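Undergrad: The structure follows.
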Amino acid sequence: MMPEGTKLVRLGRGGITLGEANRVEVPEAVEAQPDIVTMWNVVNDATHGISLTTYVSDLTAALDKLTGETQAQIVLLNMPDITVVMNGLPASQKDLIRGGIEQWNRAIGETAARYNGRVHVVDLFPVSEEVLDHREYISGDNFHPSSAGYRRLAEVVWDEIARDDVL
């Protein structure tokens with residue numbers, strides 16, 4: 001969806017936390033001097049026991065470095081409602097998890113807002129329920145997006161980029 005002539009530098013590594021990304025991926029992103037950076041570093045942190053306080057500190061460090069050492073616009077994806085793929089959990093437990101996700105997403109939004117329009121948050125929470133009607137969006141592990149799911153995710157991100165005139 002990017003304009004012709006766009007150079008893509010893919011730095012994402014599956015399974016890492018934002019703290020790990022700050023040590024490996026963020027310096028590489030700065031070195032590439034991009035015009036736009038997309039970041040989706042939250043699910044691993046939230047599901048691997050990283051505290052919200054630590055996550056916000058890591059997010060601030062990443063955004064400080066990216067906005068301070070590049071001219072890039074940052075497109076930051078927040079936490080989807082992962083309870084839509086958690087079959088077998090009681091409704092009360094899903095409600096608790098959703099409350100935690102909403103807390104993380106508020107913190108992400110508040111952190112992003114401090115960067116004077118350079119950081120654009122893509123809110124994945126409202127579109128999460130699409131997987132209920134499109135099981136093909138979920139991979140065989142019943143958690144991660146499938147190829148079709150990643151294509152849909154790209155469309156959601158692109159809509160945000162176009163709406164906010166990020167390019």
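Numbering starts fresh at 1 for the residues of each chain in the structure tokens, the chains themselves are lettered A, B, ... in the order given, and ligands are numbered from 1 as they appear.
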If you run DSSP over the backbone, which residues in region 31-131 of chain A end up helix (DSSP H, G or I)? Put them as a PyMOL selection string.
TA: chain A and resi 31-32+43-47+52-69+82-85+91-113+130-131
Undergrad: When DSSP works through the backbone of this structure, what residues of region 24-109 of chain A end up as strand (DSSP E or B), shown as a PyMOL selection string?
TA: chain A and resi 36-39+73-77
Undergrad: For the selection just defined, write its residues with all heavy atoms to a file, as an mmCIF file, in the first residue's frame.
TA:
data_model
loop_
_atom_site.group_PDB
_atom_site.id
_atom_site.type_symbol
_atom_site.label_atom_id
_atom_site.label_comp_id
_atom_site.auth_asym_id
_atom_site.auth_seq_id
_atom_site.Cartn_x
_atom_site.Cartn_y
_atom_site.Cartn_z
ATOM 1 N N ILE A 36 8.811 6.815 8.171
ATOM 2 C CA ILE A 36 7.703 6.289 8.960
ATOM 3 C C ILE A 36 8.154 4.996 9.630
ATOM 4 O O ILE A 36 8.908 4.223 9.050
ATOM 5 C CB ILE A 36 6.459 6.064 8.067
ATOM 6 C CG1 ILE A 36 5.238 5.666 8.895
ATOM 7 C CG2 ILE A 36 6.739 5.054 6.972
ATOM 8 C CD1 ILE A 36 3.939 5.654 8.086
ATOM 9 N N VAL A 37 7.701 4.808 10.869
ATOM 10 C CA VAL A 37 7.999 3.594 11.629
ATOM 11 C C VAL A 37 6.672 3.041 12.125
ATOM 12 O O VAL A 37 5.867 3.783 12.687
ATOM 13 C CB VAL A 37 8.900 3.895 12.850
ATOM 14 C CG1 VAL A 37 9.041 2.673 13.757
ATOM 15 C CG2 VAL A 37 10.261 4.399 12.425
ATOM 16 N N THR A 38 6.443 1.753 11.900
ATOM 17 C CA THR A 38 5.298 1.100 12.519
ATOM 18 C C THR A 38 5.819 0.225 13.646
ATOM 19 O O THR A 38 6.813 -0.485 13.482
ATOM 20 C CB THR A 38 4.494 0.255 11.510
ATOM 21 O OG1 THR A 38 5.343 -0.708 10.908
ATOM 22 C CG2 THR A 38 3.865 1.136 10.438
ATOM 23 N N MET A 39 5.152 0.312 14.780
ATOM 24 C CA MET A 39 5.546 -0.450 15.971
ATOM 25 C C MET A 39 4.344 -1.194 16.520
ATOM 26 O O MET A 39 3.297 -0.597 16.749
ATOM 27 C CB MET A 39 6.047 0.483 17.083
ATOM 28 C CG MET A 39 7.378 1.108 16.865
ATOM 29 S SD MET A 39 7.851 2.162 18.283
ATOM 30 C CE MET A 39 7.759 1.036 19.669
ATOM 31 N N GLN A 73 7.611 9.734 11.367
ATOM 32 C CA GLN A 73 6.316 9.645 12.011
ATOM 33 C C GLN A 73 6.213 8.214 12.538
ATOM 34 O O GLN A 73 6.621 7.268 11.868
ATOM 35 C CB GLN A 73 5.190 9.916 11.004
ATOM 36 C CG GLN A 73 5.172 11.335 10.469
ATOM 37 C CD GLN A 73 4.752 12.326 11.536
ATOM 38 O OE1 GLN A 73 3.752 12.143 12.223
ATOM 39 N NE2 GLN A 73 5.537 13.379 11.688
ATOM 40 N N ILE A 74 5.668 8.060 13.727
ATOM 41 C CA ILE A 74 5.583 6.747 14.353
ATOM 42 C C ILE A 74 4.116 6.317 14.366
ATOM 43 O O ILE A 74 3.252 7.049 14.840
ATOM 44 C CB ILE A 74 6.103 6.775 15.812
ATOM 45 C CG1 ILE A 74 7.430 7.537 15.939
ATOM 46 C CG2 ILE A 74 6.177 5.361 16.383
ATOM 47 C CD1 ILE A 74 8.558 7.020 15.124
ATOM 48 N N VAL A 75 3.861 5.133 13.836
ATOM 49 C CA VAL A 75 2.522 4.541 13.868
ATOM 50 C C VAL A 75 2.586 3.395 14.874
ATOM 51 O O VAL A 75 3.269 2.397 14.655
ATOM 52 C CB VAL A 75 2.094 4.050 12.470
ATOM 53 C CG1 VAL A 75 0.716 3.411 12.535
ATOM 54 C CG2 VAL A 75 2.112 5.204 11.470
ATOM 55 N N LEU A 76 1.897 3.582 15.990
ATOM 56 C CA LEU A 76 1.995 2.694 17.143
ATOM 57 C C LEU A 76 0.691 1.913 17.310
ATOM 58 O O LEU A 76 -0.358 2.515 17.524
ATOM 59 C CB LEU A 76 2.286 3.536 18.394
ATOM 60 C CG LEU A 76 2.414 2.841 19.732
ATOM 61 C CD1 LEU A 76 3.598 1.893 19.736
ATOM 62 C CD2 LEU A 76 2.555 3.892 20.844
ATOM 63 N N LEU A 77 0.770 0.603 17.198
ATOM 64 C CA LEU A 77 -0.407 -0.243 17.371
ATOM 65 C C LEU A 77 -0.548 -0.613 18.836
ATOM 66 O O LEU A 77 0.442 -0.938 19.493
ATOM 67 C CB LEU A 77 -0.280 -1.519 16.538
ATOM 68 C CG LEU A 77 -0.443 -1.373 15.034
ATOM 69 C CD1 LEU A 77 0.695 -0.594 14.403
ATOM 70 C CD2 LEU A 77 -0.560 -2.739 14.394
#
Undergrad: Could I get the residues of region 38-119 of chain A with an atom no further than 12 Å from an atom of region 7-26 of chain A, each paired with its nearest atom pair and that distance in Å to one decimal, using only C-alpha atoms, sorted by chain and residue number, as JSON lines?
TA:
{"residue": "A:Thr38", "atom": "CA", "partner": "A:Gly12", "partner_atom": "CA", "distance": 9.7}
{"residue": "A:Met39", "atom": "CA", "partner": "A:Gly12", "partner_atom": "CA", "distance": 8.6}
{"residue": "A:Trp40", "atom": "CA", "partner": "A:Gly12", "partner_atom": "CA", "distance": 8.8}
{"residue": "A:Asn41", "atom": "CA", "partner": "A:Leu18", "partner_atom": "CA", "distance": 5.5}
{"residue": "A:Val42", "atom": "CA", "partner": "A:Leu18", "partner_atom": "CA", "distance": 7.0}
{"residue": "A:Val43", "atom": "CA", "partner": "A:Thr17", "partner_atom": "CA", "distance": 8.3}
{"residue": "A:Asn44", "atom": "CA", "partner": "A:Thr17", "partner_atom": "CA", "distance": 5.6}
{"residue": "A:Asp45", "atom": "CA", "partner": "A:Thr17", "partner_atom": "CA", "distance": 5.2}
{"residue": "A:Ala46", "atom": "CA", "partner": "A:Thr17", "partner_atom": "CA", "distance": 8.9}
{"residue": "A:Thr47", "atom": "CA", "partner": "A:Thr17", "partner_atom": "CA", "distance": 9.8}
{"residue": "A:His48", "atom": "CA", "partner": "A:Thr17", "partner_atom": "CA", "distance": 8.3}
{"residue": "A:Gly49", "atom": "CA", "partner": "A:Thr17", "partner_atom": "CA", "distance": 10.2}
{"residue": "A:Ile50", "atom": "CA", "partner": "A:Thr17", "partner_atom": "CA", "distance": 8.4}
{"residue": "A:Ser51", "atom": "CA", "partner": "A:Thr17", "partner_atom": "CA", "distance": 11.5}
{"residue": "A:Leu52", "atom": "CA", "partner": "A:Leu18", "partner_atom": "CA", "distance": 11.6}
{"residue": "A:Thr54", "atom": "CA", "partner": "A:Gly19", "partner_atom": "CA", "distance": 8.6}
{"residue": "A:Tyr55", "atom": "CA", "partner": "A:Leu18", "partner_atom": "CA", "distance": 7.2}
{"residue": "A:Val56", "atom": "CA", "partner": "A:Leu18", "partner_atom": "CA", "distance": 9.6}
{"residue": "A:Ser57", "atom": "CA", "partner": "A:Gly19", "partner_atom": "CA", "distance": 9.0}
{"residue": "A:Asp58", "atom": "CA", "partner": "A:Gly19", "partner_atom": "CA", "distance": 5.7}
{"residue": "A:Leu59", "atom": "CA", "partner": "A:Leu18", "partner_atom": "CA", "distance": 7.1}
{"residue": "A:Thr60", "atom": "CA", "partner": "A:Asn22", "partner_atom": "CA", "distance": 10.3}
{"residue": "A:Ala61", "atom": "CA", "partner": "A:Asn22", "partner_atom": "CA", "distance": 7.5}
{"residue": "A:Ala62", "atom": "CA", "partner": "A:Asn22", "partner_atom": "CA", "distance": 6.0}
{"residue": "A:Leu63", "atom": "CA", "partner": "A:Val26", "partner_atom": "CA", "distance": 9.1}
{"residue": "A:Asp64", "atom": "CA", "partner": "A:Val26", "partner_atom": "CA", "distance": 10.5}
{"residue": "A:Lys65", "atom": "CA", "partner": "A:Val26", "partner_atom": "CA", "distance": 7.7}
{"residue": "A:Leu66", "atom": "CA", "partner": "A:Val26", "partner_atom": "CA", "distance": 7.2}
{"residue": "A:Thr67", "atom": "CA", "partner": "A:Val26", "partner_atom": "CA", "distance": 11.0}
{"residue": "A:Gly68", "atom": "CA", "partner": "A:Val26", "partner_atom": "CA", "distance": 11.9}
{"residue": "A:Glu69", "atom": "CA", "partner": "A:Val26", "partner_atom": "CA", "distance": 10.5}
{"residue": "A:Thr70", "atom": "CA", "partner": "A:Val26", "partner_atom": "CA", "distance": 10.9}
{"residue": "A:Ile74", "atom": "CA", "partner": "A:Val26", "partner_atom": "CA", "distance": 11.9}
Undergrad: Given the choices A:Asn142, A:Thr111, A:Asn105, A:Gln93, which gets closest to Pro126 (chain A) if the distance is worked out from only C-alpha atoms?
TA: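 Residue with the minimum atom-to-atom distance to Pro126 (chain A): A:Asn105.
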Undergrad: For the atom pair CA of Leu124 (chain A) and CA of Glu31 (chain A), what is the interatomic distance in Å to one decimal place?
TA: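 Result for CA of Leu124 (chain A) versus CA of Glu31 (chain A): 28.5 Å, one decimal.
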Undergrad: Might you pull out every residue within 12 Å of region 2-4 of chain A, with only C-alpha atoms counted and same-chain residues fewer than 2 positions away left off, and present them as a ChimeraX atom specification?
TA: /A:6-8,35-36,154-155,157-159,161-162,166-167
Undergrad: Could you tell me which of A:Asp81, A:Glu28, A:Asp165, A:Glu130 comes closest to Gln103 (chain A) if we count only C-alpha atoms?
TA: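 Nearest to Gln103 (chain A): A:Asp81.
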Undergrad: Leaving out Glu136 (chain A) and any residue of its chain fewer than 5 positions from it, which residues lie within 9 Å of it when counting only C-alpha atoms, given as a PDB file with C-alpha atoms, in the first residue's frame?
TA:
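Result saved to part-v7.pdb:
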ATOM      1  CA  VAL A 131     -12.078 -12.480  14.090  1.00  0.00           C
ATOM      2  CA  PRO A 145      -2.810 -13.652  13.095  1.00  0.00           C
ATOM      3  CA  SER A 146      -2.737 -15.758   9.947  1.00  0.00           C
ATOM      4  CA  SER A 147      -1.570 -14.353   6.615  1.00  0.00           C
ATOM      5  CA  ALA A 148      -5.145 -13.172   6.025  1.00  0.00           C
ATOM      6  CA  GLY A 149      -5.179 -11.667   9.520  1.00  0.00           C
TER       7      GLY A 149
END
Undergrad: Rounded to one decimal place, report the CA of Asn78 (chain A)-CA of Lys94 (chain A) distance in Å.
TA: 18.2 Å
